[in-house]
Amino acid sequence: MTPVTKLLIANRGEIAARIIRTCEAMDIATVAVFSDPDADLPYVTAADEAVALPGSAPADTYLRAEAIIAAARATGAGAVHPGYGFLSENAGFARACAAAGLTFVGPSPEAIERMGSKVAAKQLMAGAGVPVLPGATVTGENGQLGEMADRVGYPLLVKAAFGGGGRGMRIVRDGAALAEAVASARREAASAFGDGLVFLERLVEAPRHIEVQILGDRAGNVAHLFERECSIQRRYQKIIEEAPSTAVDDGLRERLCQAAVAAGKAIGYEGAGTVEFVLAPSGDFYFLEVNTRLQVEHPVTELVTGLDLVRLQLDIAMGKPLPDEVLAARIDGHAIEARLYAEDVPAGYLPVSGTIHTLEIDPAPGLRVDAGFASGTTVSTFYDSMLAKVIAWGPARDQARTTLAAALSRARLHGVVTNRDLLTGILREPDFAAGAIHTGYLDLHPPARLAASSQAHDATTALRTHLLAAALAAQAERRATAPVLATLPSGWRNNPSAMQTVTFDAGGERHSVEYRFTRGGLLTSVDGEAAGAIRLRAITPDLADFDLGGVRRRVRITRAGGTHYADSPLGAHALREVERFPDSSGAAAPGSLLAPMPGTVVRVEVAAGERVRAGARVVVMEAMKMEHTITAPAAGTVTEIRVAVGDQVDGGALLAVLAEEQGLADE
């Protein structure tokens with residue numbers, strides 16, 4: 001048995017912080033590694049030691065195996081935990097660790113290699129008696145694609161042979177879209193995983209995504225810790241997971257878990273891993289892949305079993321056998337996890353970067369928060385945009401669901417746009433509440449509608465209340481910072497007849513607030529409509545406490561630059577104060593195509609002078625590990641191309657200019 005006394009964590013963000021917590025409980029010293037953009041993230045100072053990996057891009061930092069091993073040697077760490085992503089499923093890295101005398105906290109390099117290719121993995125699973133779907137590896141030229149697709153059968157999926165996370169995956173329903181889907185999947189797979197190999201696989205309509213947690217020790221014992229449901233996905237990436245699944249009864253659970261154990265034994269699995277299945281409406285299930293690492297959603301399994309999966313990983317890496325508590329594990333209650341991302345849902349889940357002014361989630365019974373960021377930290381464009389995982393446990397599913405919805409809705413999240421309203425809307429939506437879900441859930445329930453319905457209160461009342469609160473708090477701040485005004489009665493003005501006016505932008509719409517303090521009270525209006533009787537209780541720069549229409553409202557206000565963030569039981573709003581005389585010199589010219597987010601230009605599809613139809617691809621960018629295509633909004637001629645492949649651009653940067661032509665056909 002090789003004890004682990006100091007562990008280097010070859011990862012970042014919330015998973016690094018989560019591993020550090022377990023190590024502290026096990027009296028294991030920790031070493032963090034960090035890139036330039038991550039220098040101020042909480043996990044860096046939470047570790048006992050930290051080593052800088054100069055640079056920003058993953059290839060220059062967290063994917064540099066030699067730099068990780070050098071950091072372990074420099075600090076005297078005897079083991080490396082890869083977390084998930086980056087080098088966690090890299091057999092070469094596992095071998096390099098062994099060659100350097102380091103314990104790799106994960107499966108053997110051979111097991112990683114067996115599961116590294118989804119194509120080879122399916123063949124191995126079929127031989128072990130695990131059900132698999134029809135499929136074919138894409139080889140040769142595109143002329144052979146049609147034949148392969150016909151053999152597999154439509155509809156089908158184009159999938160990356162290596163990697164995961166939904167990248168390099170496309171749905172194809174007929175031959176017309178096949179070639180472009182394969183080409184696009186190859187590009188994304190090559191960018192994300194360094195290998196553009198893809199394969200075709202029969203698509204199961206309206207399936208559930210079910211996975212089983214397994215653990216294996218060095219003696220060849222493999223056990224399971226039941227299933228997780230991961231069907232709520234956007235762009236093939238999970239956003240809400242739970243354990244157990246509402247679709248799995250005792251009989252199906254036994255079959256699923258035994259298939260997962262058979263899969264683990266077939267590859268000689270050691271450590272914590274996950275066997276993923278697709279569950280058809282008929283109740284039949286089929287193997288998808290084995291993730292040879294810890295999963296992002298592992299906390300739901302921990303909460304329903306009471307086990308610490310990171311502790312178990314470390315024990316297995318030290319040569320300990322599976323403990324009795326694993327073999328005797330039972331499901332206790334229900335747990336649901338929501339992934340909180342910095343992303344713009346209405347814009348198509350575009351990742352968002354920027355400074356987080358406030359990230360506060362109040363503690364509650366049964367609630368767990370695994371966060372990678374904190375107030376004052378910055379979300380960069382180089383890595384995944386997940387801010388935190390918020391997980392709730394309850395003795396029954398509905399209690400976990402409502403605990404999680406309440407925690408998210410009351411969280412204070414300022415500075416970057418998040419998917420909080422979408423998550424809350426899903427948790428409160430009747431089909432989800434009833435467990436009637438599958439991987440196409442967000443196709444049936446439009447995200448914009450879910451996000452709009454996430455608030456349990458009237459949207460108009462909430463906005464009007466928050467606009468008034470922001471205007472009054474801003475007035476209190478001006479009074480507090482002006483020495484003369486601070487000595488005068490609240491709201492005093494030399495010209496008492498004039499209304500004070502402030503204009504806010506809320507979600508792209510402008511709203512004006514007018515108010516005037518009189519001897520008889522406060523007169524207010526919003527967008528020209530009287531707001532009703534208001535009784536002030538307390539007005540400070542960060543709190544507006546008043547009675548509006550006979551109802552007492554308390555609104556917390558946080559100001560960052562020209563934006564006022566309002567939070568109350570009614571919901572949350574970001575209200576940008578509009579300058580009275582804005583500078584318009586930087587306004588974009590008509591026809592400008594702008595970058596929707598910071599990122600890297602990976603392809604320029606047209607040339608200056610080229611005529612294009614509406615919807616034609618102009619520029620393709622990559623940000624936070626995903627491709628984003630900028631298309632022509634109308635038919636016309638491209639008059640300018642301002643970027644080249646490889647350029648790093650900021651959000652709002654000018655990419656190209658299009659001169660619209662009404663007469664150009666769009667057919």
# chains A, B, ... in the order shown; residues from 1 in each chain; ligands from 1
>>> residues_around(residues="Ala57 in chain A", least_positions_apart="6", cutoff="12 Å", atoms="only C-alpha atoms", output="PyMOL selection string")
chain A and resi 34-38+63-64+86+380-384+599-600+623-625+648
>>> residues_around(residues="range 114-123 of chain A", least_positions_apart="5", cutoff="9 Å", atoms="only C-alpha atoms", output="JSON, numbers by chain")
{"A": [89, 90, 91, 109, 128, 130, 132, 133, 135, 136, 137, 159, 160, 161, 162, 163, 198, 199, 267, 287, 288, 289, 290, 291, 292]}
>>> closest_residue(among="A:Val345, A:Ala16, A:Val619, A:Ile214", to="Leu312 in chain A", atoms="only C-alpha atoms")
A:Ile214
>>> closest_residue(among="A:Ser592, A:Thr2, A:Gln313, A:Ser512", to="Leu468 in chain A", atoms="only C-alpha atoms")
A:Ser512
>>> residues_around(residues="Thr460 in chain A", least_positions_apart="6", cutoff="12 Å", atoms="only C-alpha atoms", output="short mmCIF file (atom, residue, chain, number, x, y, z; two decimals) with C-alpha atoms, in the first residue's frame")
data_model
loop_
_atom_site.label_atom_id
_atom_site.label_comp_id
_atom_site.auth_asym_id
_atom_site.auth_seq_id
_atom_site.Cartn_x
_atom_site.Cartn_y
_atom_site.Cartn_z
CA ALA A 452 -39.80 33.97 -18.18
CA HIS A 466 -37.15 47.33 -8.71
CA LEU A 467 -37.01 50.41 -10.93
CA HIS A 511 -37.83 52.73 -18.62
CA VAL A 526 -42.79 54.73 -13.87
CA ASP A 527 -42.93 55.22 -17.63
CA ALA A 531 -46.80 54.29 -9.16
CA LEU A 570 -40.01 39.35 -6.47
CA GLY A 571 -36.91 38.26 -8.41
CA HIS A 573 -33.07 42.69 -12.36
#
>>> select_by_dssp(residues="range 39-198 of chain A", states="strand (DSSP E or B)", output="ChimeraX atom specification")
/A:49-52,79-81,103-104,132,135-137,156-160,169-172,198
>>> write_last_selection(atoms="C-alpha atoms", output="PDB file, in the first residue's frame")
ATOM      1  CA  GLU A  49       0.703  25.317  -2.122  1.00  0.00           C
ATOM      2  CA  ALA A  50       0.120  26.525  -5.673  1.00  0.00           C
ATOM      3  CA  VAL A  51       2.260  26.476  -8.802  1.00  0.00           C
ATOM      4  CA  ALA A  52       1.767  28.871 -11.715  1.00  0.00           C
ATOM      5  CA  ALA A  79       0.190  11.687  -6.265  1.00  0.00           C
ATOM      6  CA  VAL A  80      -1.841  13.501  -8.929  1.00  0.00           C
ATOM      7  CA  HIS A  81      -5.628  13.801  -9.104  1.00  0.00           C
ATOM      8  CA  THR A 103       0.444   7.817  -8.089  1.00  0.00           C
ATOM      9  CA  PHE A 104      -2.250   8.610 -10.667  1.00  0.00           C
ATOM     10  CA  VAL A 132     -25.146  -1.497 -27.849  1.00  0.00           C
ATOM     11  CA  GLY A 135     -23.126   2.213 -35.619  1.00  0.00           C
ATOM     12  CA  ALA A 136     -20.297   2.719 -38.112  1.00  0.00           C
ATOM     13  CA  THR A 137     -16.961   4.546 -38.016  1.00  0.00           C
ATOM     14  CA  LEU A 156     -28.714   9.052 -36.542  1.00  0.00           C
ATOM     15  CA  LEU A 157     -26.077  10.823 -34.507  1.00  0.00           C
ATOM     16  CA  VAL A 158     -22.656  11.894 -35.682  1.00  0.00           C
ATOM     17  CA  LYS A 159     -20.397  11.537 -32.638  1.00  0.00           C
ATOM     18  CA  ALA A 160     -16.764  12.216 -31.818  1.00  0.00           C
ATOM     19  CA  MET A 169     -22.045  15.618 -31.842  1.00  0.00           C
ATOM     20  CA  ARG A 170     -24.725  16.321 -34.468  1.00  0.00           C
ATOM     21  CA  ILE A 171     -28.228  14.937 -35.187  1.00  0.00           C
ATOM     22  CA  VAL A 172     -28.890  13.975 -38.806  1.00  0.00           C
ATOM     23  CA  VAL A 198     -16.219  10.513 -35.753  1.00  0.00           C
TER      24      VAL A 198
END
>>> closest_residue(among="A:Leu256, A:Ala189, A:Ala126, A:Ala96", to="Ala67 in chain A", atoms="only C-alpha atoms")
A:Ala96
>>> residues_around(residues="Arg603 in chain A", least_positions_apart="2", cutoff="12 Å", atoms="only C-alpha atoms", output="list in words")
Ser184, Arg187, Glu188, Thr600, Val601, Glu605, Val606, Ala607, Arg617, Val618, Val619, Val620, Met621, Glu622, Glu627, His628, Thr629, Ile630, Ile641, Val643, Ala644, Val645, Gly646, Asp647 and Leu655 of chain A
>>> atom_distance(atom1="CA of Ser353 in chain A", atom2="CA of Thr563 in chain A")
16.5 Å
>>> atom_distance(atom1="CA of Ala451 in chain A", atom2="CA of Arg428 in chain A")
10.3 Å
>>> residues_around(residues="Pro107 in chain A", least_positions_apart="6", cutoff="8 Å", atoms="only C-alpha atoms", output="number ranges by chain")
A: 269-272, 292-293
>>> closest_residue(among="A:Glu429, A:Asp370, A:Asp567, A:Glu660", to="Pro633 in chain A", atoms="only C-alpha atoms")
A:Glu660
>>> select_by_dssp(residues="range 216-437 of chain A", states="helix (DSSP H, G or I)", output="PyMOL selection string")
chain A and resi 250-266+298-305+309-317+324-327+397-410+420-428+430-433
>>> atom_distance(atom1="CA of Arg311 in chain A", atom2="CA of Phe193 in chain A")
28.6 Å
>>> closest_residue(among="A:Leu367, A:Leu387, A:Val304, A:Ile356", to="Arg12 in chain A", atoms="only C-alpha atoms")
A:Leu387
>>> closest_residue(among="A:Gly508, A:Arg556, A:Val502, A:Asp315", to="Pro569 in chain A", atoms="only C-alpha atoms")
A:Arg556
>>> residues_around(residues="Tyr236 in chain A", least_positions_apart="6", cutoff="9 Å", atoms="only C-alpha atoms", output="ChimeraX atom specification")
/A:165-167,169,439
>>> residues_around(residues="Ala99 in chain A", least_positions_apart="6", cutoff="12 Å", atoms="only C-alpha atoms", output="list in words")
Glu66, Ile69, Gly92, Phe93 and Pro109 of chain A
>>> write_last_selection(atoms="C-alpha atoms", output="PDB file, in the first residue's frame")
ATOM      1  CA  GLU A  66       5.291  17.858 -18.457  1.00  0.00           C
ATOM      2  CA  ILE A  69       4.626  16.602 -13.456  1.00  0.00           C
ATOM      3  CA  GLY A  92      -0.279   9.007 -21.880  1.00  0.00           C
ATOM      4  CA  PHE A  93      -0.497  11.311 -18.874  1.00  0.00           C
ATOM      5  CA  PRO A 109      -3.632   3.607 -18.631  1.00  0.00           C
TER       6      PRO A 109
END
